[in-house]
Amino acid sequence: MSAAASAPESASGGWIVLKFGGTSVSRRHRWDTIGRLAKRRAEETGGRVLVVVSALSGVTNELAAIADGAADAAGRVEALERRHRDFAAELGLDAEAVLGRRLAALRGLLEDPRAAARPLDWQAEVLAQGELLSSTLGVAYLQAQGLDFAWMDARDWLAALPRQPNQSEWSQRLSVTCQAQADDGWRARFAAQPGRMLLTQGFIARHADGGTAILGRGGSDTSAAYFGALLGAVRVEIWTDVPGMFSANPREVPDARLLTRLDYYEAQEIATTGAKVLHPRSIKPCRDSGVPMAILDTERPELPGTSIDGSAEPVPGVKAISRRNGIVLVSMEGIGMWQQVGFLADVFERFRRHGLSVDLIGTAETNVTVSLDPSENLVNTDVLAALSADLAEICRVKVIAPCAAITLVGRGMRSLLHKLSDVWAAFGRERVHMISQSSNDLNLTFVIDEADADGLLPELHAALIDSGAMPVAEAAVFGPRWRELEGRFRPRPVPWWHAPAMRARLRELAAAGTPRYVYHLPTVRERARQLKAVAAVDRRFYAIKANPHPAILRTVVEEGFGLECVSLAELRHVFAVLPELDPGRVLFTPSFAPRQEYAEAFALGVNVTLDNVEALQRWPEIFRGRRVWLRIDLGHGAGHHQKVVTGGKASKFGLSLARVDEFVDAARALGMVITGLHAHMGSGVDDPGHWRLMGDELAGFARRIGTVAILDIGGGLPIAYSDDEEPFDLDAWAASLAEVRAVHPAFDLVVEPGRFLVAECGVLLARATQVVEKDGVRRVGLDAGMNALVRPALYDAWHDIANLDRLDEPADAVFDVVGPICESSDVFGRRRHLPAATAPDDLMLIADAGAYGHAMASTYNLRALPAEDVIDGPAD
Ligand code: ADP
Ligand code: ASP
Ligand code: MG
C-alpha cells in the first residue's frame with residue numbers, strides 16, 4: 001500500500017491537526033479564533049482535533065538567552081512571569097490558579113544545581129517552559145469558553161529518535177528528530193484521550209533518557225507534522241501571521257506572491273532554504289505518510305492560504321527566492337590538494353569531530369569552501385575556534401561570516417539559466433563567495449556578505465518576474481501579491497473595450513477585415529488630462545513615434561500638447577495633418593539624422609534638439625546663430641527592457657557628460673544659444689525617485705551653461721500591461737516633479753510622453769485562423785503576426801489577449817497565441833488562459849497595443865499592414 005493511501009480517505013472522522021504559532025497565541029481574540037476554528041474543524045470532519053501551540057511570541061528567545069547563560073537570568077525570568085500573569089488577566093483567568101505551579105517550575109530551573117554548568121538536558125527543560133505555559137493558559141481559556149478541550153503533555157507522545165551515528169550531543173538534545181510512525185497501541189492510547197479537542201505543545205518531545213528534548217527553533221511546525229503523521233490525520237494546518245507561503249518573505253518583498261499550491265518537494269526546498277514560515281523538518285513526516293498540509297493566517301482565516309500535497313501538478317519555473325542569514329563559510333586552502341587521495345575525507349572528519357554538518361560545498365584546485373547553516377549546527381565562536389585549530393593541521397583556514405545564502409527555488413533550475421541574466425547582473429555587483437546548484441535541480445544558491453544582501457531580494461524578485469523565470473501568470477501556483485492582500489495594491493481599471501457597447505462596435509469594425517487596430521480617443525483624452533493636471537509640468541509634447549495616427553495627433557493637440565518628432569518625415573506628417581500648428585509647439589529630437597533633416601527643421605521653425613559636438617563641427621553653416629536644445633546622457637539608463645534603455649555608455653543617445661563643456665564652447669563659437677536641456681533615460685520607468693535625481697542633475701548642468709530656461713525630462717512613463725502591474729503612480733510622480741520645481745524654480749519643466757498617452761487606447765483585432773495541438777501544446781493562430789505587432793517578439797513584451805467573442809466564458813484552457821509569420825518568434829503570448837471553446841474565426845483582441853503597434857508594423861512576408869480605425873464618444 002502506498003504511503004498516500006494510508007491516510008484516511010474521507011473527511012469524515014479521523015484527526016485534524018491545527019498548529020498555532022507565537023503571534024497566533026499572544027492575543028485574546030486569536031484564542032477566540034483558535035476555539036472557533038477547532039470547533040468548526042471537528043464539526044466539518046466529524047472527527048477530532050489536535051491543537052498544537054507555540055510559546056507566546058518572543059518567549060523562546062528569552063528562554064534561549066537564559067539557557068545560554070545570560071547574566072540577568074533572574075530578571076528575565078521575572079519579566080516572563082509578569083508577561084504570563086498579565087496575559088492570564090487579559091484572558092480573564094486566575095493567574096495563580098492556572099499558572100502558579102508552572103511559574104514555580106520555571107523559577108525552580110534557576111535554582112536547579114545544573115544551572116551553573118548549564119548541561120544540555122537542563123537547557124532543554126528551560127526552553128520547554130514557553131510552550132508549557134502557553135498551552136496551559138490556552139486550554140484554561142478554551143475550557144472557560146465551554147469548549148470540550150483537554151490538555152496533554154506532548155512529551156508523552158513524541159519520542160526523539162535515539163542518537164544517530166555522527167549526531168552531535170547538541171542536536172541530539174536541542175534539534176531532535178522524532179519517531180514518525182505509530183503502532184496500534186500508540187494510536188489506541190491516543191484515541192482514548194478525553195476531550196473531543198486536545199491541546200498540546202509544539203517544540204518539545206521526550207528524550208530517550210526520559211528527559212526533555214527540543215525540536216529546534218521554529219520546531220512547533222514539525223511537532224504538528226509528527227502528530228499528523230502518527231495519527232494519519234486528514235490534514236495538518238499551520239496557522240501563522242501570514243496567509244501562506246510566499247514567493248519571498250513578504251515582510252522583505254511586498255510584491256511576493258502567494259504560492260497557492262505546492263508539492264512537498266518544492267515546499268521542502270523553500271522551507272530548507274530560509275522561508276521561516278515552515279520549519280524545514282516539518283514536511284517529511286507529512287510527505288511520507290501522505291498527509292496534506294496547509295498554511296493559513298489566524299488573523300484572516302477566510303483567505304485560502306497555501307496547500308501542500310503530493311498531487312500538485314508540477315509547474316516549471318522559479319517559485320520562490322529565500323534568504324538565510326548567519327551563514328558561516330569555512331574556506332580551506334591547501335596547496336595542490338585537489339585529487340590528493342583522502343584530503344576531503346580528512347577535512348570532513350574534522351567537521352564530524354565537532355558535530356558540524358556541512359551544507360554547501362565549492363571546490364577549486366587549491367581550495368575547498370563549505371557553508372555551515374546555523375539552524376542545523378551549534379555554530380558559536382568556541383566551536384569555530386576549535387574547528388579552525390584542527391583544520392590548520394592540514395590546510396590554511398579562513399572563516400568568512402556573517403554571510404547570507406540567497407536561493408532561487410524551483411523545478412528545472414538548469415533549464416532556466418538563460419532567463420536569469422538580470423539575476424546574474426544583480427549578483428555581479430556583489431562579492432559572491434560561492435554559487436551552488438543543488439543536485440536535485442531544485443535550487444541555485446548564492447552566498448554573499450550578509451550586509452550586501454540587504455535590499456537585494458525585492459530587486460531579484462522583480463527581475464525573476466520580468467524575465468519570465470518566475471511564471472506568475474500560472475494561476476495554479478501563484479496567487480495574489482502580499483501588498484494586494486494588505487490592501488496596498490492599486491489594480492488596473494477595467495479597460496474600455498470590456499463595455500458591451502464597445503465590444504459590439506469592435507465586432508462591427510472587424511467585419512470590414514482583420515487585422516485591424518482600433519483607437520479609442522476618449523482614453524487618449526483621459527490620459528492627456530491626467531498629465532495636464534500635473535501642475536509642476538510647464539509644457540508637454542506628445543512623442544508621435546508611439547502612434548502618429550492623425551486623429552490621435554489632433555486629439556492631443558486639442559488637449560494642449562505639443563508634438564515631438566524624431567524624423568523629417570514625422571515633421572512633415574505633423575504639418576500635413578495640422579497645417580495651422582504653431583511650429584513653436586513642435587520639437588525635433590532626431591538621432592544620427594542626416595544634415596538635410598536639421599536644415600529643414602530649422603526652416604520649418606520648430607525647436608531642434610542636438611546631441612553631439614561632431615554635427616556642429618561638420619555642419620557649422622546649419623547651426624550658426626541657432627537656438628537649440630541640448631540632449632545629454634546622464635550616464636545611466638532605465639527602462640522596462642534592455643532595448644529601450646536610452647542612457648549610459650552603451651547607448652547611442654545623448655552627449656557624454658565629459659563633452660558638455662566642449663559642446664558649449666563650440667556652440668558659443670557659432671553664436672548659438674542653448675535654451676533647453678534634455679535627457680531621456682528610457683521607457684517604462686516606474687521609480688519616482690528617478691525623476692527627482694534627473695531633475696537635480698539637469699539643473700546642475702543648466703546652471704553651468706547659463707542660457708538654459710527649459711529642462712526637458714523626456715518621457716518614459718509606463719503603463720500597466722498586465723493585471724500583475726499597478727497603474728503608474730501619477731500622484732507620486734507629480735509630487736517628485738513638484739519637488740524638482742520647488743528646488744529649481746528658475747527652469748520650466750517639459751515632458752514628452754508617448755506610450756502613456758496612447759498605449760491603452762489601442763487594441764489589435766485579429767481573427768483566429770487555426771487551432772492546433774502539437775505535443776501537448778495547444779496553439780491558436782491569428783491572422784495578425786509579429787509584422788502587425790512586434791513588441792512581444794522584440795521585447796518579450798506582455799499584451800493581454802482576449803477572445804472577444806467569448807469574453808463572458810471562463811478562460812479555462814491554456815493556449816500559445818501565435819501569428820502567421822515564418823519566424824519562430826512570431827508568438828503573442830505563451831500559456832495564455834482563454835476559453836476552451838476558442839475556435840477558428842473567433843474575434844481575438846490584443847490589448848494595450850496603441851503605442852508602438854501600427855507604428856512599428858511591417859509588411860514582412862508580404863503580409864499587408866493592419867488597417868486602422870478610430871472610435872470617439874463614450875461607451876453607452
Ligand atoms: P509562527 O510564529 O506562526 O511559527 P514564524 O514567524 O515562524 O511564525 O513564520 C512566519 C513568518 O515567516 C512570516 O511572518 C514571514 O515574515 C516569514 N517568512 C519568511 N519567508 C517567508 C515566505 N517565503 N512566505 C511566507 N512567510 C515567510
Ligand atoms: N517557540 C519555538 C520557537 O520560537 C517553536 C516555534 O515557535 O515553532 O522557536
Ligand atoms: Mg514558526
# chains A, B, ... in the order shown; residues from 1 in each chain; ligands from 1

$ closest_atom_pairs --of "chain A" --to "ligand 1" --cutoff "7 Å" --atoms "only C-alpha atoms and all ligand atoms" --output "JSON lines"
{"residue": "A:Phe20", "atom": "CA", "partner": "ligand 1", "partner_atom_place_in_ligand_line": "3 (O)", "distance": 6.0}
{"residue": "A:Gly21", "atom": "CA", "partner": "ligand 1", "partner_atom_place_in_ligand_line": "3 (O)", "distance": 3.2}
{"residue": "A:Gly22", "atom": "CA", "partner": "ligand 1", "partner_atom_place_in_ligand_line": "2 (O)", "distance": 4.0}
{"residue": "A:Thr23", "atom": "CA", "partner": "ligand 1", "partner_atom_place_in_ligand_line": "2 (O)", "distance": 5.4}
{"residue": "A:Ser24", "atom": "CA", "partner": "ligand 1", "partner_atom_place_in_ligand_line": "3 (O)", "distance": 6.3}
{"residue": "A:Ser57", "atom": "CA", "partner": "ligand 1", "partner_atom_place_in_ligand_line": "2 (O)", "distance": 6.7}
{"residue": "A:Gly218", "atom": "CA", "partner": "ligand 1", "partner_atom_place_in_ligand_line": "7 (O)", "distance": 5.6}
{"residue": "A:Asp221", "atom": "CA", "partner": "ligand 1", "partner_atom_place_in_ligand_line": "4 (O)", "distance": 6.9}
{"residue": "A:Trp239", "atom": "CA", "partner": "ligand 1", "partner_atom_place_in_ligand_line": "3 (O)", "distance": 6.2}
{"residue": "A:Thr240", "atom": "CA", "partner": "ligand 1", "partner_atom_place_in_ligand_line": "3 (O)", "distance": 3.6}
{"residue": "A:Asp241", "atom": "CA", "partner": "ligand 1", "partner_atom_place_in_ligand_line": "14 (O)", "distance": 5.3}
{"residue": "A:Val242", "atom": "CA", "partner": "ligand 1", "partner_atom_place_in_ligand_line": "14 (O)", "distance": 5.5}
{"residue": "A:Gly244", "atom": "CA", "partner": "ligand 1", "partner_atom_place_in_ligand_line": "25 (C)", "distance": 5.8}
{"residue": "A:Met245", "atom": "CA", "partner": "ligand 1", "partner_atom_place_in_ligand_line": "24 (N)", "distance": 3.7}
{"residue": "A:Phe246", "atom": "CA", "partner": "ligand 1", "partner_atom_place_in_ligand_line": "24 (N)", "distance": 3.7}
{"residue": "A:Ser247", "atom": "CA", "partner": "ligand 1", "partner_atom_place_in_ligand_line": "23 (N)", "distance": 5.3}
{"residue": "A:Ala248", "atom": "CA", "partner": "ligand 1", "partner_atom_place_in_ligand_line": "23 (N)", "distance": 4.0}
{"residue": "A:Asn249", "atom": "CA", "partner": "ligand 1", "partner_atom_place_in_ligand_line": "20 (N)", "distance": 3.5}
{"residue": "A:Pro250", "atom": "CA", "partner": "ligand 1", "partner_atom_place_in_ligand_line": "25 (C)", "distance": 6.0}
{"residue": "A:Arg251", "atom": "CA", "partner": "ligand 1", "partner_atom_place_in_ligand_line": "16 (O)", "distance": 5.2}
{"residue": "A:Gly274", "atom": "CA", "partner": "ligand 1", "partner_atom_place_in_ligand_line": "20 (N)", "distance": 6.4}
{"residue": "A:Ala275", "atom": "CA", "partner": "ligand 1", "partner_atom_place_in_ligand_line": "20 (N)", "distance": 3.5}
{"residue": "A:Lys276", "atom": "CA", "partner": "ligand 1", "partner_atom_place_in_ligand_line": "12 (O)", "distance": 4.3}
{"residue": "A:Val277", "atom": "CA", "partner": "ligand 1", "partner_atom_place_in_ligand_line": "9 (O)", "distance": 3.4}
{"residue": "A:Leu278", "atom": "CA", "partner": "ligand 1", "partner_atom_place_in_ligand_line": "9 (O)", "distance": 6.5}
{"residue": "A:Ala320", "atom": "CA", "partner": "ligand 1", "partner_atom_place_in_ligand_line": "23 (N)", "distance": 6.8}
{"residue": "A:Ser322", "atom": "CA", "partner": "ligand 1", "partner_atom_place_in_ligand_line": "23 (N)", "distance": 6.4}

$ write_last_selection --atoms "N, CA and C atoms" --output "short mmCIF file (atom, residue, chain, number, x, y, z; two decimals), in the first residue's frame"
data_model
loop_
_atom_site.label_atom_id
_atom_site.label_comp_id
_atom_site.auth_asym_id
_atom_site.auth_seq_id
_atom_site.Cartn_x
_atom_site.Cartn_y
_atom_site.Cartn_z
N PHE A 20 -0.76 26.51 15.92
CA PHE A 20 -0.80 27.97 16.01
C PHE A 20 0.54 28.49 16.53
N GLY A 21 1.13 29.39 15.77
CA GLY A 21 2.45 29.91 16.11
C GLY A 21 2.39 31.02 17.16
N GLY A 22 3.58 31.55 17.48
CA GLY A 22 3.73 32.52 18.57
C GLY A 22 2.78 33.70 18.50
N THR A 23 2.71 34.35 17.34
CA THR A 23 1.84 35.54 17.29
C THR A 23 0.36 35.12 17.36
N SER A 24 0.07 33.88 16.93
CA SER A 24 -1.33 33.43 16.92
C SER A 24 -1.85 33.10 18.31
N SER A 57 4.74 34.91 21.58
CA SER A 57 5.83 35.38 20.72
C SER A 57 6.93 36.05 21.54
N GLY A 218 11.76 27.11 15.91
CA GLY A 218 10.67 27.05 14.93
C GLY A 218 10.06 25.67 14.81
N ASP A 221 6.10 23.61 14.16
CA ASP A 221 5.50 23.13 12.91
C ASP A 221 5.77 21.63 12.77
N TRP A 239 -1.21 27.49 11.26
CA TRP A 239 -1.82 28.82 11.34
C TRP A 239 -0.78 29.81 11.84
N THR A 240 -0.59 30.88 11.09
CA THR A 240 0.50 31.79 11.43
C THR A 240 0.09 33.23 11.17
N ASP A 241 1.08 34.11 10.97
CA ASP A 241 0.75 35.54 10.83
C ASP A 241 0.84 36.01 9.38
N VAL A 242 0.94 35.09 8.44
CA VAL A 242 0.87 35.43 7.01
C VAL A 242 -0.05 34.40 6.35
N GLY A 244 0.00 32.27 4.11
CA GLY A 244 0.55 31.20 3.30
C GLY A 244 2.03 31.35 3.08
N MET A 245 2.56 30.43 2.26
CA MET A 245 3.96 30.51 1.87
C MET A 245 3.99 31.41 0.64
N PHE A 246 4.92 32.34 0.62
CA PHE A 246 5.01 33.30 -0.48
C PHE A 246 6.27 33.05 -1.30
N SER A 247 6.30 33.73 -2.45
CA SER A 247 7.44 33.56 -3.34
C SER A 247 8.70 34.23 -2.78
N ALA A 248 8.56 34.97 -1.70
CA ALA A 248 9.69 35.51 -0.94
C ALA A 248 9.11 35.93 0.40
N ASN A 249 9.97 36.21 1.36
CA ASN A 249 9.44 36.69 2.65
C ASN A 249 8.66 37.98 2.40
N PRO A 250 7.35 37.98 2.62
CA PRO A 250 6.56 39.15 2.27
C PRO A 250 6.95 40.40 3.07
N ARG A 251 7.58 40.19 4.22
CA ARG A 251 7.98 41.37 5.01
C ARG A 251 9.18 42.06 4.36
N GLY A 274 15.22 28.81 3.74
CA GLY A 274 15.08 30.03 4.53
C GLY A 274 13.70 30.56 4.78
N ALA A 275 12.65 30.02 4.13
CA ALA A 275 11.32 30.57 4.40
C ALA A 275 10.87 30.12 5.78
N LYS A 276 11.04 30.99 6.74
CA LYS A 276 10.81 30.65 8.15
C LYS A 276 9.37 30.20 8.42
N VAL A 277 8.48 30.50 7.50
CA VAL A 277 7.07 30.22 7.72
C VAL A 277 6.81 28.74 7.98
N LEU A 278 7.69 27.88 7.51
CA LEU A 278 7.52 26.45 7.74
C LEU A 278 8.86 25.87 8.16
N ALA A 320 10.22 30.54 -5.71
CA ALA A 320 10.49 31.40 -4.56
C ALA A 320 11.96 31.77 -4.50
N SER A 322 14.60 32.76 -1.40
CA SER A 322 14.69 32.83 0.06
C SER A 322 16.08 33.25 0.48
#

$ residues_near_ligand --ligand "ligand 2" --cutoff "8 Å" --atoms "only C-alpha atoms and all ligand atoms" --output "PyMOL selection string"
chain A and resi 21-22+53-61+130-131+202-203+215-222+279

$ atom_distance --atom1 "atom CA of Phe815 of chain A" --atom2 "atom CA of Ala476 of chain A"
15.1 Å

$ select_by_dssp --residues "segment 573-788 of chain A" --states "alpha helix (DSSP H)" --output "PyMOL selection string"
chain A and resi 573-577+595-604+613-618+620-623+660-669+688-705+730-743+755-758

$ closest_residue --among "A:Lys19, A:His84, A:Arg350, A:His29" --to "ligand 3" --atoms "only C-alpha atoms and all ligand atoms"
A:Lys19

$ residues_around --residues "segment 409-416 of chain A" --least-positions-apart "5" --cutoff "7 Å" --atoms "only C-alpha atoms" --output "JSON, numbers by chain"
{"A": [266, 269, 270, 316, 317, 318, 319, 320, 321, 441, 442, 443, 444, 469]}

$ residues_around --residues "Tyr226 of chain A" --least-positions-apart "3" --cutoff "9 Å" --atoms "only C-alpha atoms" --output "ChimeraX atom specification"
/A:158,178-181,221-223,229-231,282,285-286

$ write_last_selection --atoms "all heavy atoms" --output "mmCIF file, in the first residue's frame"
data_model
loop_
_atom_site.group_PDB
_atom_site.id
_atom_site.type_symbol
_atom_site.label_atom_id
_atom_site.label_comp_id
_atom_site.auth_asym_id
_atom_site.auth_seq_id
_atom_site.Cartn_x
_atom_site.Cartn_y
_atom_site.Cartn_z
ATOM 1 N N LEU A 158 5.504 12.236 21.755
ATOM 2 C CA LEU A 158 6.557 12.356 20.734
ATOM 3 C C LEU A 158 7.877 11.893 21.331
ATOM 4 O O LEU A 158 8.338 12.440 22.343
ATOM 5 C CB LEU A 158 6.710 13.800 20.264
ATOM 6 C CG LEU A 158 5.560 14.405 19.470
ATOM 7 C CD1 LEU A 158 5.957 15.779 18.945
ATOM 8 C CD2 LEU A 158 5.132 13.496 18.321
ATOM 9 N N CYS A 178 12.085 12.999 15.507
ATOM 10 C CA CYS A 178 11.252 12.093 16.314
ATOM 11 C C CYS A 178 10.751 10.913 15.509
ATOM 12 O O CYS A 178 10.732 10.929 14.280
ATOM 13 C CB CYS A 178 10.034 12.838 16.876
ATOM 14 S SG CYS A 178 10.475 14.086 18.076
ATOM 15 N N GLN A 179 10.311 9.932 16.224
ATOM 16 C CA GLN A 179 9.639 8.773 15.660
ATOM 17 C C GLN A 179 8.361 9.263 14.968
ATOM 18 O O GLN A 179 7.581 9.983 15.562
ATOM 19 C CB GLN A 179 9.289 7.848 16.850
ATOM 20 C CG GLN A 179 8.438 6.679 16.544
ATOM 21 C CD GLN A 179 9.145 5.693 15.640
ATOM 22 O OE1 GLN A 179 8.886 5.677 14.431
ATOM 23 N NE2 GLN A 179 10.062 4.901 16.199
ATOM 24 N N ALA A 180 8.190 8.905 13.686
ATOM 25 C CA ALA A 180 7.023 9.419 12.957
ATOM 26 C C ALA A 180 6.060 8.308 12.561
ATOM 27 O O ALA A 180 5.106 8.540 11.840
ATOM 28 C CB ALA A 180 7.476 10.173 11.706
ATOM 29 N N GLN A 181 6.323 7.088 13.060
ATOM 30 C CA GLN A 181 5.367 6.015 12.768
ATOM 31 C C GLN A 181 4.813 5.461 14.072
ATOM 32 O O GLN A 181 5.572 5.190 14.996
ATOM 33 C CB GLN A 181 6.048 4.895 11.990
ATOM 34 C CG GLN A 181 5.874 5.081 10.501
ATOM 35 C CD GLN A 181 7.097 4.684 9.726
ATOM 36 O OE1 GLN A 181 7.935 3.942 10.245
ATOM 37 N NE2 GLN A 181 7.212 5.202 8.532
ATOM 38 N N ASP A 221 6.103 23.614 14.163
ATOM 39 C CA ASP A 221 5.502 23.130 12.908
ATOM 40 C C ASP A 221 5.767 21.632 12.771
ATOM 41 O O ASP A 221 4.892 20.860 12.370
ATOM 42 C CB ASP A 221 6.133 23.820 11.685
ATOM 43 C CG ASP A 221 6.022 25.325 11.734
ATOM 44 O OD1 ASP A 221 5.040 25.826 12.315
ATOM 45 O OD2 ASP A 221 6.930 25.994 11.182
ATOM 46 N N THR A 222 6.982 21.260 13.135
ATOM 47 C CA THR A 222 7.373 19.858 12.983
ATOM 48 C C THR A 222 6.646 18.984 13.996
ATOM 49 O O THR A 222 6.267 17.855 13.697
ATOM 50 C CB THR A 222 8.902 19.745 13.088
ATOM 51 O OG1 THR A 222 9.451 20.569 12.061
ATOM 52 C CG2 THR A 222 9.382 18.335 12.882
ATOM 53 N N SER A 223 6.405 19.525 15.194
ATOM 54 C CA SER A 223 5.593 18.768 16.158
ATOM 55 C C SER A 223 4.245 18.441 15.539
ATOM 56 O O SER A 223 3.764 17.304 15.600
ATOM 57 C CB SER A 223 5.347 19.597 17.427
ATOM 58 O OG SER A 223 6.556 20.002 17.997
ATOM 59 N N ALA A 229 1.348 12.828 11.093
ATOM 60 C CA ALA A 229 1.791 11.554 10.520
ATOM 61 C C ALA A 229 1.419 10.384 11.436
ATOM 62 O O ALA A 229 0.912 9.364 10.987
ATOM 63 C CB ALA A 229 3.305 11.598 10.301
ATOM 64 N N LEU A 230 1.661 10.580 12.739
ATOM 65 C CA LEU A 230 1.380 9.486 13.688
ATOM 66 C C LEU A 230 -0.101 9.144 13.727
ATOM 67 O O LEU A 230 -0.491 7.989 13.874
ATOM 68 C CB LEU A 230 1.858 9.899 15.088
ATOM 69 C CG LEU A 230 3.382 9.962 15.273
ATOM 70 C CD1 LEU A 230 3.749 10.801 16.498
ATOM 71 C CD2 LEU A 230 3.955 8.553 15.403
ATOM 72 N N LEU A 231 -0.925 10.191 13.577
ATOM 73 C CA LEU A 231 -2.376 9.970 13.654
ATOM 74 C C LEU A 231 -2.973 9.641 12.294
ATOM 75 O O LEU A 231 -4.159 9.354 12.204
ATOM 76 C CB LEU A 231 -3.054 11.245 14.198
ATOM 77 C CG LEU A 231 -2.737 11.600 15.654
ATOM 78 C CD1 LEU A 231 -3.192 13.020 15.965
ATOM 79 C CD2 LEU A 231 -3.422 10.600 16.582
ATOM 80 N N SER A 282 9.428 19.880 8.920
ATOM 81 C CA SER A 282 8.004 19.566 9.102
ATOM 82 C C SER A 282 7.390 18.870 7.892
ATOM 83 O O SER A 282 6.307 18.322 7.980
ATOM 84 C CB SER A 282 7.226 20.848 9.413
ATOM 85 O OG SER A 282 7.279 21.705 8.295
ATOM 86 N N PRO A 285 7.649 14.276 7.498
ATOM 87 C CA PRO A 285 6.686 13.348 8.109
ATOM 88 C C PRO A 285 5.354 13.335 7.359
ATOM 89 O O PRO A 285 4.761 12.276 7.157
ATOM 90 C CB PRO A 285 6.503 13.910 9.531
ATOM 91 C CG PRO A 285 7.669 14.788 9.776
ATOM 92 C CD PRO A 285 8.163 15.281 8.448
ATOM 93 N N CYS A 286 4.897 14.521 6.928
ATOM 94 C CA CYS A 286 3.618 14.566 6.219
ATOM 95 C C CYS A 286 3.747 13.920 4.848
ATOM 96 O O CYS A 286 2.856 13.204 4.397
ATOM 97 C CB CYS A 286 3.131 16.011 6.078
ATOM 98 S SG CYS A 286 2.571 16.680 7.647
#

$ select_by_dssp --residues "segment 178-339 of chain A" --states "strand (DSSP E)" --output "VMD selection string"
chain A and resid 197 to 201 204 to 206 212 to 214 235 to 240 257 to 259 261 to 263 293 to 297 306 to 309 317 to 333

$ atom_distance --atom1 "atom CA of Thr769 of chain A" --atom2 "atom CA of Pro471 of chain A"
27.5 Å

$ closest_atom_pairs --of "segment 480-549 of chain A" --to "segment 805-812 of chain A" --cutoff "12 Å" --atoms "only C-alpha atoms" --output "Markdown table"
| residue | atom | partner | partner_atom | distance |
| --- | --- | --- | --- | --- |
| A:Trp497 | CA | A:Leu807 | CA | 10.6 |
| A:His498 | CA | A:Leu807 | CA | 8.3 |
| A:Ala499 | CA | A:Leu807 | CA | 10.7 |
| A:Pro500 | CA | A:Leu807 | CA | 10.0 |
| A:Arg503 | CA | A:Asp805 | CA | 8.7 |
| A:Ala504 | CA | A:Asp805 | CA | 9.8 |
| A:Leu506 | CA | A:Asp805 | CA | 10.5 |
| A:Arg507 | CA | A:Asp805 | CA | 8.5 |
| A:Ala510 | CA | A:Asp805 | CA | 11.6 |

$ write_last_selection --atoms "N, CA, C and O atoms" --output "PDB file, in the first residue's frame"
ATOM      1  N   TRP A 497     -12.690  48.506 -23.666  1.00  0.00           N
ATOM      2  CA  TRP A 497     -13.282  47.579 -24.626  1.00  0.00           C
ATOM      3  C   TRP A 497     -14.090  46.472 -23.966  1.00  0.00           C
ATOM      4  O   TRP A 497     -14.704  45.655 -24.623  1.00  0.00           O
ATOM      5  N   HIS A 498     -14.134  46.455 -22.607  1.00  0.00           N
ATOM      6  CA  HIS A 498     -14.979  45.485 -21.912  1.00  0.00           C
ATOM      7  C   HIS A 498     -16.456  45.852 -21.987  1.00  0.00           C
ATOM      8  O   HIS A 498     -17.314  44.994 -21.881  1.00  0.00           O
ATOM      9  N   ALA A 499     -16.746  47.145 -22.150  1.00  0.00           N
ATOM     10  CA  ALA A 499     -18.156  47.584 -22.144  1.00  0.00           C
ATOM     11  C   ALA A 499     -18.889  46.914 -23.307  1.00  0.00           C
ATOM     12  O   ALA A 499     -18.360  46.871 -24.416  1.00  0.00           O
ATOM     13  N   PRO A 500     -20.086  46.376 -23.048  1.00  0.00           N
ATOM     14  CA  PRO A 500     -20.810  45.653 -24.112  1.00  0.00           C
ATOM     15  C   PRO A 500     -20.969  46.482 -25.382  1.00  0.00           C
ATOM     16  O   PRO A 500     -20.784  45.961 -26.494  1.00  0.00           O
ATOM     17  N   ARG A 503     -17.739  46.413 -27.253  1.00  0.00           N
ATOM     18  CA  ARG A 503     -17.493  45.109 -27.882  1.00  0.00           C
ATOM     19  C   ARG A 503     -18.272  44.991 -29.190  1.00  0.00           C
ATOM     20  O   ARG A 503     -17.752  44.513 -30.198  1.00  0.00           O
ATOM     21  N   ALA A 504     -19.517  45.456 -29.137  1.00  0.00           N
ATOM     22  CA  ALA A 504     -20.361  45.381 -30.340  1.00  0.00           C
ATOM     23  C   ALA A 504     -19.747  46.235 -31.449  1.00  0.00           C
ATOM     24  O   ALA A 504     -19.673  45.841 -32.615  1.00  0.00           O
ATOM     25  N   LEU A 506     -16.606  47.051 -31.814  1.00  0.00           N
ATOM     26  CA  LEU A 506     -15.380  46.418 -32.317  1.00  0.00           C
ATOM     27  C   LEU A 506     -15.727  45.283 -33.278  1.00  0.00           C
ATOM     28  O   LEU A 506     -15.072  45.096 -34.300  1.00  0.00           O
ATOM     29  N   ARG A 507     -16.798  44.555 -32.960  1.00  0.00           N
ATOM     30  CA  ARG A 507     -17.201  43.465 -33.869  1.00  0.00           C
ATOM     31  C   ARG A 507     -17.619  44.018 -35.233  1.00  0.00           C
ATOM     32  O   ARG A 507     -17.263  43.470 -36.266  1.00  0.00           O
ATOM     33  N   ALA A 510     -14.545  45.012 -37.103  1.00  0.00           N
ATOM     34  CA  ALA A 510     -13.777  43.849 -37.548  1.00  0.00           C
ATOM     35  C   ALA A 510     -14.404  43.202 -38.780  1.00  0.00           C
ATOM     36  O   ALA A 510     -13.705  42.543 -39.561  1.00  0.00           O
TER      37      ALA A 510
END

$ residues_around --residues "Lys419 of chain A" --least-positions-apart "5" --cutoff "10 Å" --atoms "only C-alpha atoms" --output "short mmCIF file (atom, residue, chain, number, x, y, z; two decimals) with N, CA, C and O atoms, in the first residue's frame"
data_model
loop_
_atom_site.label_atom_id
_atom_site.label_comp_id
_atom_site.auth_asym_id
_atom_site.auth_seq_id
_atom_site.Cartn_x
_atom_site.Cartn_y
_atom_site.Cartn_z
N TRP A 424 21.88 37.39 -12.60
CA TRP A 424 23.35 37.35 -12.58
C TRP A 424 23.89 38.77 -12.50
O TRP A 424 24.86 39.03 -11.80
N ALA A 463 13.22 40.99 -10.92
CA ALA A 463 13.94 40.53 -12.12
C ALA A 463 13.47 39.14 -12.53
O ALA A 463 13.36 38.83 -13.72
N LEU A 464 13.18 38.31 -11.54
CA LEU A 464 12.71 36.95 -11.86
C LEU A 464 11.37 37.00 -12.58
O LEU A 464 11.11 36.23 -13.51
N ASP A 466 10.13 39.69 -14.29
CA ASP A 466 10.29 40.36 -15.59
C ASP A 466 10.89 39.42 -16.63
O ASP A 466 10.54 39.48 -17.80
N SER A 467 11.81 38.57 -16.20
CA SER A 467 12.49 37.71 -17.17
C SER A 467 11.67 36.50 -17.53
O SER A 467 12.07 35.72 -18.39
N GLY A 468 10.55 36.30 -16.84
CA GLY A 468 9.73 35.13 -17.12
C GLY A 468 10.21 33.89 -16.39
O GLY A 468 9.62 32.82 -16.51
N ALA A 469 11.30 34.01 -15.60
CA ALA A 469 11.79 32.82 -14.88
C ALA A 469 10.82 32.42 -13.77
O ALA A 469 10.69 31.24 -13.44
N MET A 470 10.13 33.41 -13.19
CA MET A 470 9.10 33.11 -12.19
C MET A 470 7.75 33.30 -12.88
O MET A 470 7.33 34.42 -13.13
#
